[in-house]
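One structure below.
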Amino acid sequence: MFRIALIAAALIIAGPALADSQPVGERVEVNGMKMYYEVSGEGEPLIVLHGAYMNIPSMGAIIPKLAETNKVYAIEFQGHGRTTDIDRPITYPNLADDVAAFMDAVGVKKADVFGYSMGAAAGLQLAIRHPEKVNKLAAASVGYDAEGWQPEFKAFIPQMNVEMFVGMPFAEDYRKLAANPDGFPALVAKLIALEKEPMAWEKDVKAMKTPVLIIAGDADVATLEHTVAMFRLLGGGGMGDMGKPLPASRLAILPATSHTAVINQPELLEALVVPFFKGETPKGMFQ
């Protein structure tokens, strides 16, 4: 998800956030780091969480689109973008706790959350560890167990090393924003370690009460079977039109879409995410 090798393409393809959203950039102390974030739009608060190696600009047009209906707080994670790094591993629980601390620091008691890739997993952990802070979670390209990755990706993880990433185009892009322009190799090492962290959250996901919109490409890094299994853990997968209310969680599979192509479809993402946050559902014949 986080998918280090795959995310390179997304960083190159995804364009900058649209200028008309007029984001305001700020920094705040969070768990020993200076966290950079941008605020745009008006309405109910919405936290946006980017993927590995990414930053606010590389999330592209989805941020200003969401700012049309919400007050968006887009953050940059530890060591990413303009946020400083600290002497601490990058783990999903750590990232989730950073988001919770950020919300406390800026006075956001509770919010909807949209996360992509690494940000989606951090959002999932935020809902598990700090459920009182999350209204609804839209998680794009997410998983709950490392066994759910595609076999090709699982085979690739042991081959990862810092050298294969330092020459990629997004390594130079990192230097343009980074608080420490020479910190890229250290960030790579932490993100490779993240891929090797144990990940088995089935019990936690099954116990969740937070509604989740799972978004995945049909050629994503998680298998379709894993994505459907996660939806079933959240109470989904049954038949509608039988007199019972639909589950609070939802599932969307994007056609002809790889992992890095998910974030490059902002219009489609907006059409899925905004109705979910608003609680709108398509009307059937028996409703």
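Ordering of the structure tokens sets the chain letters (A, B, ...); residue numbers start at 1 within each chain; ligands are numbered from 1 in the order shown.
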
Contacts of Phe102 of chain A within 9 Å, only C-alpha atoms, excl. fewer than 6 positions in-chain, as JSON, numbers by chain: {"A": [28, 29, 30, 31, 35, 75, 108]}

Residues just named, written with N, CA, C and O atoms as a PDB file, in the first residue's frame:
ATOM      1  N   VAL A  28       3.301  22.841  13.323  1.00  0.00           N
ATOM      2  CA  VAL A  28       2.926  22.669  14.715  1.00  0.00           C
ATOM      3  C   VAL A  28       3.799  21.574  15.316  1.00  0.00           C
ATOM      4  O   VAL A  28       4.194  20.633  14.628  1.00  0.00           O
ATOM      5  N   GLU A  29       4.131  21.706  16.592  1.00  0.00           N
ATOM      6  CA  GLU A  29       4.922  20.700  17.293  1.00  0.00           C
ATOM      7  C   GLU A  29       4.062  19.472  17.570  1.00  0.00           C
ATOM      8  O   GLU A  29       2.999  19.567  18.196  1.00  0.00           O
ATOM      9  N   VAL A  30       4.523  18.320  17.100  1.00  0.00           N
ATOM     10  CA  VAL A  30       3.811  17.064  17.312  1.00  0.00           C
ATOM     11  C   VAL A  30       4.821  15.978  17.648  1.00  0.00           C
ATOM     12  O   VAL A  30       5.672  15.632  16.817  1.00  0.00           O
ATOM     13  N   ASN A  31       4.769  15.468  18.853  1.00  0.00           N
ATOM     14  CA  ASN A  31       5.611  14.337  19.265  1.00  0.00           C
ATOM     15  C   ASN A  31       7.089  14.530  18.910  1.00  0.00           C
ATOM     16  O   ASN A  31       7.758  13.610  18.441  1.00  0.00           O
ATOM     17  N   MET A  35       5.585  19.421  12.469  1.00  0.00           N
ATOM     18  CA  MET A  35       4.711  18.872  11.437  1.00  0.00           C
ATOM     19  C   MET A  35       4.130  19.993  10.582  1.00  0.00           C
ATOM     20  O   MET A  35       3.563  20.959  11.093  1.00  0.00           O
ATOM     21  N   ILE A  75      -1.957  16.832   6.118  1.00  0.00           N
ATOM     22  CA  ILE A  75      -0.717  16.840   6.887  1.00  0.00           C
ATOM     23  C   ILE A  75       0.391  16.132   6.117  1.00  0.00           C
ATOM     24  O   ILE A  75       0.132  15.373   5.180  1.00  0.00           O
ATOM     25  N   VAL A 108      -8.905  20.133  16.770  1.00  0.00           N
ATOM     26  CA  VAL A 108      -9.927  19.355  16.058  1.00  0.00           C
ATOM     27  C   VAL A 108     -10.272  18.155  16.929  1.00  0.00           C
ATOM     28  O   VAL A 108      -9.471  17.229  17.079  1.00  0.00           O
TER      29      VAL A 108
END

DSSP alpha helix (DSSP H) selection over segment 117-177 of chain A, as an MDAnalysis selection string: chainID A and resid 118:129 151:156 163:166 169:177

Dump C-alpha atoms for the selected residues as a CSV table (one decimal), in the first residue's frame?
chain,number,residue,atom,x,y,z
A,118,MET,CA,0.4,4.4,3.9
A,119,GLY,CA,-2.0,7.1,5.0
A,120,ALA,CA,-4.9,4.7,4.7
A,121,ALA,CA,-3.2,2.2,7.0
A,122,ALA,CA,-2.4,5.1,9.4
A,123,GLY,CA,-6.0,6.1,9.3
A,124,LEU,CA,-7.1,2.5,10.0
A,125,GLN,CA,-4.8,2.5,13.1
A,126,LEU,CA,-6.2,5.9,14.1
A,127,ALA,CA,-9.7,4.5,14.1
A,128,ILE,CA,-8.5,1.5,16.1
A,129,ARG,CA,-6.4,3.3,18.6
A,151,PRO,CA,2.4,-12.6,-4.2
A,152,GLU,CA,4.7,-10.5,-6.4
A,153,PHE,CA,4.9,-7.8,-3.9
A,154,LYS,CA,5.5,-10.2,-1.0
A,155,ALA,CA,8.4,-11.7,-3.0
A,156,PHE,CA,9.8,-8.2,-3.7
A,163,GLU,CA,20.3,2.2,-3.2
A,164,MET,CA,17.4,1.2,-5.5
A,165,PHE,CA,15.4,4.3,-4.4
A,166,VAL,CA,18.0,7.0,-4.1
A,169,PRO,CA,13.1,10.9,-9.7
A,170,PHE,CA,11.1,11.4,-6.6
A,171,ALA,CA,14.4,11.4,-4.6
A,172,GLU,CA,15.3,14.7,-6.2
A,173,ASP,CA,11.8,16.0,-5.6
A,174,TYR,CA,12.2,15.2,-1.9
A,175,ARG,CA,15.1,17.7,-1.7
A,176,LYS,CA,12.9,20.5,-2.9
A,177,LEU,CA,10.6,20.5,0.1

Strand (DSSP E or B) per DSSP on the backbone: members of segment 12-179 of chain A, as a PyMOL selection string: chain A and resi 24-30+33-40+45-49+71-75+111-116+134-140+145+149

Distance in Å - atom CA of Ala252 of chain A versus atom CA of Glu270 of chain A: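 Separating atom CA of Ala252 of chain A from atom CA of Glu270 of chain A is a distance of 12.2 Å.
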
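Distances to Ile86 of chain A were evaluated for A:Ala138, A:Ala179, A:Leu66, A:Met160 using only C-alpha atoms, and the minimum falls at A:Ala179.
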
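Residue neighbourhood of Asp145 of chain A, excluding near-sequence residues (fewer than 6 positions): Pro198, Met199, Ala200, Trp201, Glu202, Ala222, His226 and Met230 of chain A, at 10 Å, using only C-alpha atoms.
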
Selection near Phe286 of chain A, 12 Å with only C-alpha atoms, sequence-local residues under 4 positions removed, as a PyMOL selection string: chain A and resi 240-245+282

Would you save the residues of that selection, restricted to N, CA, C and O atoms, as a PDB file, in the first residue's frame?
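The result, stored in result_39.pdb:
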ATOM      1  N   GLY A 240     -28.664  -6.587  -0.074  1.00  0.00           N
ATOM      2  CA  GLY A 240     -29.608  -5.521   0.219  1.00  0.00           C
ATOM      3  C   GLY A 240     -30.995  -5.916  -0.271  1.00  0.00           C
ATOM      4  O   GLY A 240     -31.235  -7.043  -0.684  1.00  0.00           O
ATOM      5  N   ASP A 241     -31.925  -4.978  -0.226  1.00  0.00           N
ATOM      6  CA  ASP A 241     -33.290  -5.175  -0.725  1.00  0.00           C
ATOM      7  C   ASP A 241     -34.056  -6.262   0.032  1.00  0.00           C
ATOM      8  O   ASP A 241     -35.030  -6.811  -0.481  1.00  0.00           O
ATOM      9  N   MET A 242     -33.602  -6.576   1.243  1.00  0.00           N
ATOM     10  CA  MET A 242     -34.281  -7.612   2.018  1.00  0.00           C
ATOM     11  C   MET A 242     -34.861  -7.051   3.315  1.00  0.00           C
ATOM     12  O   MET A 242     -35.143  -7.788   4.256  1.00  0.00           O
ATOM     13  N   GLY A 243     -35.043  -5.747   3.342  1.00  0.00           N
ATOM     14  CA  GLY A 243     -35.688  -5.124   4.487  1.00  0.00           C
ATOM     15  C   GLY A 243     -34.775  -4.702   5.607  1.00  0.00           C
ATOM     16  O   GLY A 243     -35.214  -4.088   6.581  1.00  0.00           O
ATOM     17  N   LYS A 244     -33.488  -5.038   5.489  1.00  0.00           N
ATOM     18  CA  LYS A 244     -32.536  -4.643   6.516  1.00  0.00           C
ATOM     19  C   LYS A 244     -31.731  -3.436   6.031  1.00  0.00           C
ATOM     20  O   LYS A 244     -31.475  -3.298   4.829  1.00  0.00           O
ATOM     21  N   PRO A 245     -31.326  -2.575   6.937  1.00  0.00           N
ATOM     22  CA  PRO A 245     -30.496  -1.432   6.523  1.00  0.00           C
ATOM     23  C   PRO A 245     -29.145  -1.894   5.997  1.00  0.00           C
ATOM     24  O   PRO A 245     -28.622  -2.935   6.413  1.00  0.00           O
ATOM     25  N   PRO A 282     -27.307   5.318  -2.741  1.00  0.00           N
ATOM     26  CA  PRO A 282     -28.169   5.189  -3.913  1.00  0.00           C
ATOM     27  C   PRO A 282     -29.515   4.557  -3.518  1.00  0.00           C
ATOM     28  O   PRO A 282     -29.569   3.690  -2.646  1.00  0.00           O
TER      29      PRO A 282
END
